[in-house]
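Comments concern the structure below.
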Amino acid sequence: MKKLSLFAVAALLIIFAEACKSTGMQALTQGKYYTACLQAIDKLRSSPENAKASTALSQAYPLAVSYTEKEAEHLLKLASDNNRYQKLFELYKMMNNIAEEIARCPAALQIIPNADYYSSQLETARDMAAEEAYVQATANLRIGTRTAAKQAYLQFQKANSIIHGYKDVANKLKEAKWLATLKVVLEQIPVEGQYKISADFFQNKVFEYFSTSIRNEFINIFSPEEAESINLHPDHIIRLRFLDFVVGQVRESRNSYEVKRDSVKTGSYKDDKGVSHDVYGTVKATITSKRIEVSSKGILDALIIDYQTNTVISQQRFPGAYVWTDSYASFNGDERALSHNELEMCRRTQLSTPPPPQEMFVQFTIPIYGNLTRFIQNYYRKY
């Protein structure tokens with residue numbers, strides 16, 4: 001009973017806390033005046049007579065106004081804060097939002113009939129905030145590094161979100177984005193060895209993976225043709241080479257074994273009375289299976305090179321192999337001794353032709369592709 005009462009008390013406390021939170025009382029006690037106002041208004045929409053919500057709004061709104069005016073005065077004096085007008089803009093936006101929410105809630109409007117709108121202050125702060133973000137972005141863009149350009153891009157975005165189309169921000173966004181982007185060229189992939197093999201399909205798959213799966217707007221991949229057409233000086237070059245790709249000799253093997261099956265009807269006879277009876281016995285057969293296999297193997301050498309210094313900044317090698325196999329069989333003896341699969345194998349009259357080296361190469365690259373893409377993903381995660 002004691003435990004039960006403790007659980008009941010705990011449950012009531014939780015319910016009480018949630019009730020306070022939904023009415024804005026908890027946010028009010030924590031000094032979150034804007035949140036308290038919005039929660040109280042929301043509660044009053046569904047429950048106009050809610051006493052806690054009414055109390056929360058009546059107390060939180062004057063405190064929100066007082067806090068906004070004091071904070072605005074403080075920010076205007078704080079010349080060292082490079083984001084002061086952006087903060088001020090957000091403050092006035094929140095207060096105007098509260099005024100609009102009160103205007104759309106009859107119960108809240110009875111409690112706060114004359115909510116303040118900061119329209120003129122908001123317009124002034126908007127102009128100053130957009131200029132503030134634009135100036136910071138321009139300064140970062142002049143630095144000329146990728147990191148600074150990334151900051152510039154985000155700040156130009158901020159200026160554009162405050163005033164859409166502010167000054168020449170559309171062009172500045174493109175300029176900052178290009179400077180902030182890590183530019184990577186994926187070189188043509190040669191295949192070293194005795195065969196005339198094309199790795200174009202593999203290069204296209206890697207290019208597609210890089211373009212669609214590296215989820216970073218500040219990394220871009222180019223083909224050598226694209227890079228040359230725009231006279232690009234990239235940051236990185238990914239150089240992939242297939243080393244020592246070979247298709248091994250054909251290996252054939254032969255194996256014979258006996259199979260048998262019991263309780264198989266082997267005949268019949270008639271007794272003295274002329275009644276027919278089945279005869280059951282064991283049937284046997286000898287299967288001779290023939291198997292052919294052709295193996296291929298090689299290594300993918302993956303290098304990431306810093307274009308400016310022409311130094312290898314990351315390298316890994318991925319060995320791979322693919323074995324093509326085919327088989328058929330023949331038998332001597334009673335066909336009924338064979339299983340379904342054995343019978344199907346024996347019905348094949350000859351082995352199929354081994355695939356050409358190009359097809360062997362394609363199959364050989366399948367597991368290597370997964371290892372390579374993980375290597376690329378892991379390396380560029382830090383960017």
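Identifiers in the structure tokens: chain A, B, ... in order shown; residue index from 1 per chain; ligand index from 1 in order shown.
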Write out as a VMD selection string the residues lying within 10 Å of Pro319 (chain A), counting only C-alpha atoms and excluding same-chain residues fewer than 5 positions away.
-> chain A and resid 242 to 243 297 to 301 364 to 365 367 to 368 371
Requested write-out: N, CA and C atoms of the selected residues, as a compact mmCIF listing (two decimals), in the first residue's frame:
# COMPACT_ATOMS: atom_id res chain seq x y z
N PHE A 242 43.56 -0.14 -61.73
CA PHE A 242 43.47 -1.58 -61.55
C PHE A 242 44.82 -2.20 -61.92
N LEU A 243 45.43 -2.85 -60.96
CA LEU A 243 46.76 -3.41 -61.15
C LEU A 243 46.69 -4.93 -61.34
N LYS A 297 41.61 -12.24 -60.96
CA LYS A 297 42.01 -11.51 -59.76
C LYS A 297 42.77 -10.25 -60.14
N GLY A 298 42.88 -9.35 -59.19
CA GLY A 298 43.59 -8.10 -59.42
C GLY A 298 43.50 -7.23 -58.19
N ILE A 299 44.00 -6.00 -58.30
CA ILE A 299 44.03 -5.06 -57.18
C ILE A 299 43.60 -3.69 -57.69
N LEU A 300 42.75 -3.03 -56.91
CA LEU A 300 42.42 -1.63 -57.18
C LEU A 300 43.26 -0.75 -56.27
N ASP A 301 44.03 0.12 -56.86
CA ASP A 301 44.84 1.08 -56.10
C ASP A 301 44.11 2.42 -56.09
N PHE A 364 34.38 -9.16 -61.18
CA PHE A 364 35.49 -9.00 -60.24
C PHE A 364 35.39 -7.69 -59.46
N THR A 365 34.83 -6.64 -60.09
CA THR A 365 34.78 -5.32 -59.45
C THR A 365 33.62 -5.15 -58.47
N PRO A 367 32.53 -6.67 -55.54
CA PRO A 367 32.84 -6.48 -54.11
C PRO A 367 33.81 -5.33 -53.87
N ILE A 368 34.69 -5.04 -54.83
CA ILE A 368 35.64 -3.94 -54.68
C ILE A 368 34.91 -2.60 -54.60
N ASN A 371 33.83 -1.73 -51.05
CA ASN A 371 34.96 -1.33 -50.21
C ASN A 371 35.46 0.07 -50.57
Using only C-alpha atoms, which residues sit within 12 Å of region 47-50 of chain A once same-chain residues fewer than 5 positions away are excluded, as a PyMOL selection string?
-> chain A and resi 19-20+22-25+39-42+55-57+105-111
Just write the chosen residues, N, CA and C atoms, as a PDB file, in the first residue's frame.
ATOM      1  N   ALA A  19       0.459  19.665 -16.729  1.00  0.00           N
ATOM      2  CA  ALA A  19      -0.619  20.663 -16.783  1.00  0.00           C
ATOM      3  C   ALA A  19      -0.045  22.072 -16.707  1.00  0.00           C
ATOM      4  N   CYS A  20       0.948  22.247 -15.789  1.00  0.00           N
ATOM      5  CA  CYS A  20       1.573  23.559 -15.653  1.00  0.00           C
ATOM      6  C   CYS A  20       2.305  23.947 -16.927  1.00  0.00           C
ATOM      7  N   SER A  22       1.715  22.962 -19.990  1.00  0.00           N
ATOM      8  CA  SER A  22       0.812  23.259 -21.100  1.00  0.00           C
ATOM      9  C   SER A  22       0.112  24.603 -20.934  1.00  0.00           C
ATOM     10  N   THR A  23       0.019  25.062 -19.702  1.00  0.00           N
ATOM     11  CA  THR A  23      -0.629  26.357 -19.473  1.00  0.00           C
ATOM     12  C   THR A  23       0.368  27.503 -19.478  1.00  0.00           C
ATOM     13  N   GLY A  24       1.678  27.187 -19.526  1.00  0.00           N
ATOM     14  CA  GLY A  24       2.695  28.227 -19.544  1.00  0.00           C
ATOM     15  C   GLY A  24       3.276  28.544 -18.189  1.00  0.00           C
ATOM     16  N   MET A  25       2.741  27.954 -17.122  1.00  0.00           N
ATOM     17  CA  MET A  25       3.223  28.271 -15.784  1.00  0.00           C
ATOM     18  C   MET A  25       4.669  27.820 -15.573  1.00  0.00           C
ATOM     19  N   GLN A  39       2.392  29.365 -24.894  1.00  0.00           N
ATOM     20  CA  GLN A  39       1.729  28.188 -24.340  1.00  0.00           C
ATOM     21  C   GLN A  39       0.397  28.561 -23.682  1.00  0.00           C
ATOM     22  N   ALA A  40       0.381  29.668 -22.985  1.00  0.00           N
ATOM     23  CA  ALA A  40      -0.853  30.115 -22.334  1.00  0.00           C
ATOM     24  C   ALA A  40      -1.927  30.448 -23.362  1.00  0.00           C
ATOM     25  N   ILE A  41      -1.539  31.157 -24.421  1.00  0.00           N
ATOM     26  CA  ILE A  41      -2.499  31.510 -25.481  1.00  0.00           C
ATOM     27  C   ILE A  41      -3.058  30.244 -26.121  1.00  0.00           C
ATOM     28  N   ASP A  42      -2.179  29.298 -26.396  1.00  0.00           N
ATOM     29  CA  ASP A  42      -2.613  28.047 -27.017  1.00  0.00           C
ATOM     30  C   ASP A  42      -3.600  27.304 -26.125  1.00  0.00           C
ATOM     31  N   THR A  55      -3.605  33.223 -15.692  1.00  0.00           N
ATOM     32  CA  THR A  55      -2.603  33.789 -14.784  1.00  0.00           C
ATOM     33  C   THR A  55      -1.238  33.851 -15.448  1.00  0.00           C
ATOM     34  N   ALA A  56      -0.889  32.780 -16.148  1.00  0.00           N
ATOM     35  CA  ALA A  56       0.422  32.727 -16.813  1.00  0.00           C
ATOM     36  C   ALA A  56       0.554  33.846 -17.836  1.00  0.00           C
ATOM     37  N   LEU A  57      -0.480  34.064 -18.642  1.00  0.00           N
ATOM     38  CA  LEU A  57      -0.412  35.105 -19.668  1.00  0.00           C
ATOM     39  C   LEU A  57      -0.374  36.496 -19.045  1.00  0.00           C
ATOM     40  N   CYS A 105      -6.946  35.269 -30.430  1.00  0.00           N
ATOM     41  CA  CYS A 105      -7.499  34.448 -29.346  1.00  0.00           C
ATOM     42  C   CYS A 105      -8.379  35.330 -28.453  1.00  0.00           C
ATOM     43  N   PRO A 106      -9.710  35.225 -28.567  1.00  0.00           N
ATOM     44  CA  PRO A 106     -10.603  36.097 -27.799  1.00  0.00           C
ATOM     45  C   PRO A 106     -10.341  36.074 -26.290  1.00  0.00           C
ATOM     46  N   ALA A 107     -10.068  34.890 -25.732  1.00  0.00           N
ATOM     47  CA  ALA A 107      -9.822  34.794 -24.289  1.00  0.00           C
ATOM     48  C   ALA A 107      -8.547  35.532 -23.914  1.00  0.00           C
ATOM     49  N   ALA A 108      -7.508  35.412 -24.748  1.00  0.00           N
ATOM     50  CA  ALA A 108      -6.250  36.114 -24.478  1.00  0.00           C
ATOM     51  C   ALA A 108      -6.430  37.621 -24.658  1.00  0.00           C
ATOM     52  N   LEU A 109      -7.268  38.014 -25.621  1.00  0.00           N
ATOM     53  CA  LEU A 109      -7.491  39.429 -25.902  1.00  0.00           C
ATOM     54  C   LEU A 109      -8.185  40.124 -24.732  1.00  0.00           C
ATOM     55  N   GLN A 110      -8.990  39.379 -23.971  1.00  0.00           N
ATOM     56  CA  GLN A 110      -9.625  39.950 -22.782  1.00  0.00           C
ATOM     57  C   GLN A 110      -8.603  40.222 -21.691  1.00  0.00           C
ATOM     58  N   ILE A 111      -7.555  39.407 -21.640  1.00  0.00           N
ATOM     59  CA  ILE A 111      -6.525  39.563 -20.603  1.00  0.00           C
ATOM     60  C   ILE A 111      -5.530  40.648 -21.005  1.00  0.00           C
TER      61      ILE A 111
END
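Counting only C-alpha atoms and comparing A:Leu141, A:Ala199, A:Leu38, A:Lys205, the residue that lies closest to Lys177 (chain A) is A:Leu141.
Excluding Glu344 (chain A) itself and any same-chain residue fewer than 6 positions from it, the protein and nucleic acid residues within 10 Å of it, counting only C-alpha atoms, are Tyr328, Ala329 and Leu338 of chain A.
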Store the residues picked out above in a file with N, CA and C atoms, as a JSON list (two decimals), in the first residue's frame.
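The resulting file, again35.json, is reproduced below:
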[["chain", "number", "residue", "atom", "x", "y", "z"],
["A", 328, "TYR", "N", 28.49, -30.17, -65.32],
["A", 328, "TYR", "CA", 27.45, -31.06, -65.82],
["A", 328, "TYR", "C", 27.85, -32.48, -65.44],
["A", 329, "ALA", "N", 26.99, -33.44, -65.71],
["A", 329, "ALA", "CA", 27.26, -34.81, -65.28],
["A", 329, "ALA", "C", 26.65, -35.80, -66.26],
["A", 338, "LEU", "N", 18.68, -41.51, -59.17],
["A", 338, "LEU", "CA", 19.13, -40.12, -59.14],
["A", 338, "LEU", "C", 18.09, -39.21, -58.47]]
Could you pull the residues within 9 Å of Asp306 (chain A), counting only C-alpha atoms, minus those fewer than 5 positions along the same chain, as a PyMOL selection string?
-> chain A and resi 234-237+311-313
Go ahead and write the residues just picked, C-alpha atoms, as a PDB file, in the first residue's frame.
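Just written: part_17.pdb:
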ATOM      1  CA  PRO A 234      40.765  21.261 -58.189  1.00  0.00           C
ATOM      2  CA  ASP A 235      41.549  20.645 -54.549  1.00  0.00           C
ATOM      3  CA  HIS A 236      41.749  16.858 -54.799  1.00  0.00           C
ATOM      4  CA  ILE A 237      42.263  14.254 -57.470  1.00  0.00           C
ATOM      5  CA  THR A 311      51.167  14.703 -52.688  1.00  0.00           C
ATOM      6  CA  VAL A 312      49.182  11.589 -51.788  1.00  0.00           C
ATOM      7  CA  ILE A 313      47.025  12.413 -48.768  1.00  0.00           C
TER       8      ILE A 313
END
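Counting only C-alpha atoms, Ala149 (chain A) has the following residues at most 6 Å away, ignoring those fewer than 5 positions along the same chain: Leu141, Ala176, Leu179 and Ala180 of chain A.
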Output N, CA and C atoms of each residue in that selection to a file, as a CSV table (one decimal), in the first residue's frame.
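Output below, filename again.csv:
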chain,number,residue,atom,x,y,z
A,141,LEU,N,34.4,36.6,-47.0
A,141,LEU,CA,34.7,36.2,-48.4
A,141,LEU,C,36.0,36.7,-48.8
A,176,ALA,N,30.4,32.7,-53.0
A,176,ALA,CA,30.9,32.1,-51.7
A,176,ALA,C,30.7,30.6,-51.8
A,179,LEU,N,33.7,29.1,-53.8
A,179,LEU,CA,34.9,29.2,-53.1
A,179,LEU,C,34.9,28.2,-51.9
A,180,ALA,N,33.8,28.0,-51.3
A,180,ALA,CA,33.7,27.1,-50.1
A,180,ALA,C,33.7,25.6,-50.5
If you run DSSP over the backbone, which residues in region 150-374 of chain A end up helix (DSSP H, G or I)? Put them as a VMD selection string.
-> chain A and resid 150 to 162 169 to 180 200 to 213 224 to 229 335 to 337 340 to 347 357 to 374
With only C-alpha atoms as the atoms that count, which of A:Ser289, A:Gln363, A:Thr373, A:Gln358 lies nearest to Asn332 (chain A)?
-> A:Ser289
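Around Gln157 (chain A), within 10 Å and counting only C-alpha atoms, the residues found are Ala130, Ala133, Tyr134, Ala137, Gln151, Ala152, Tyr153, Leu154, Gln155, Ala159, Asn160, Ser161, Ile162, Ile163, His164, Val169, Ala170, Lys172 and Leu173 of chain A, once anything fewer than 2 positions away on its own chain is removed.
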Output C-alpha atoms for every residue in that selection, as a PDB file, in the first residue's frame.
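Output saved as result22.pdb:
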ATOM      1  CA  ALA A 130      20.483  42.363 -43.153  1.00  0.00           C
ATOM      2  CA  ALA A 133      25.034  39.882 -41.931  1.00  0.00           C
ATOM      3  CA  TYR A 134      26.002  41.127 -45.416  1.00  0.00           C
ATOM      4  CA  ALA A 137      29.805  37.751 -45.055  1.00  0.00           C
ATOM      5  CA  GLN A 151      30.932  31.098 -43.127  1.00  0.00           C
ATOM      6  CA  ALA A 152      30.367  33.808 -45.733  1.00  0.00           C
ATOM      7  CA  TYR A 153      27.883  31.598 -47.562  1.00  0.00           C
ATOM      8  CA  LEU A 154      25.881  31.002 -44.370  1.00  0.00           C
ATOM      9  CA  GLN A 155      25.918  34.713 -43.535  1.00  0.00           C
ATOM     10  CA  ALA A 159      20.998  38.315 -44.992  1.00  0.00           C
ATOM     11  CA  ASN A 160      18.802  36.919 -47.748  1.00  0.00           C
ATOM     12  CA  SER A 161      16.419  35.341 -45.228  1.00  0.00           C
ATOM     13  CA  ILE A 162      16.031  38.693 -43.446  1.00  0.00           C
ATOM     14  CA  ILE A 163      15.447  40.649 -46.670  1.00  0.00           C
ATOM     15  CA  HIS A 164      15.007  38.481 -49.725  1.00  0.00           C
ATOM     16  CA  VAL A 169      23.253  38.665 -52.393  1.00  0.00           C
ATOM     17  CA  ALA A 170      22.204  36.183 -55.106  1.00  0.00           C
ATOM     18  CA  LYS A 172      27.452  36.659 -53.627  1.00  0.00           C
ATOM     19  CA  LEU A 173      25.876  33.355 -52.612  1.00  0.00           C
TER      20      LEU A 173
END
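CA of Glu123 (chain A) is positioned 10.0 Å from CA of Lys93 (chain A).
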Among region 147-260 of chain A, which ones does DSSP place in strand (DSSP E or B), written as a PyMOL selection string?
-> chain A and resi 182-186+191+219-222+236-247+251-260
Closest of A:Phe218, A:Gln194, A:Glu132, A:Ala285 to Ala79 (chain A) - atom-to-atom distances counting only C-alpha atoms = A:Glu132
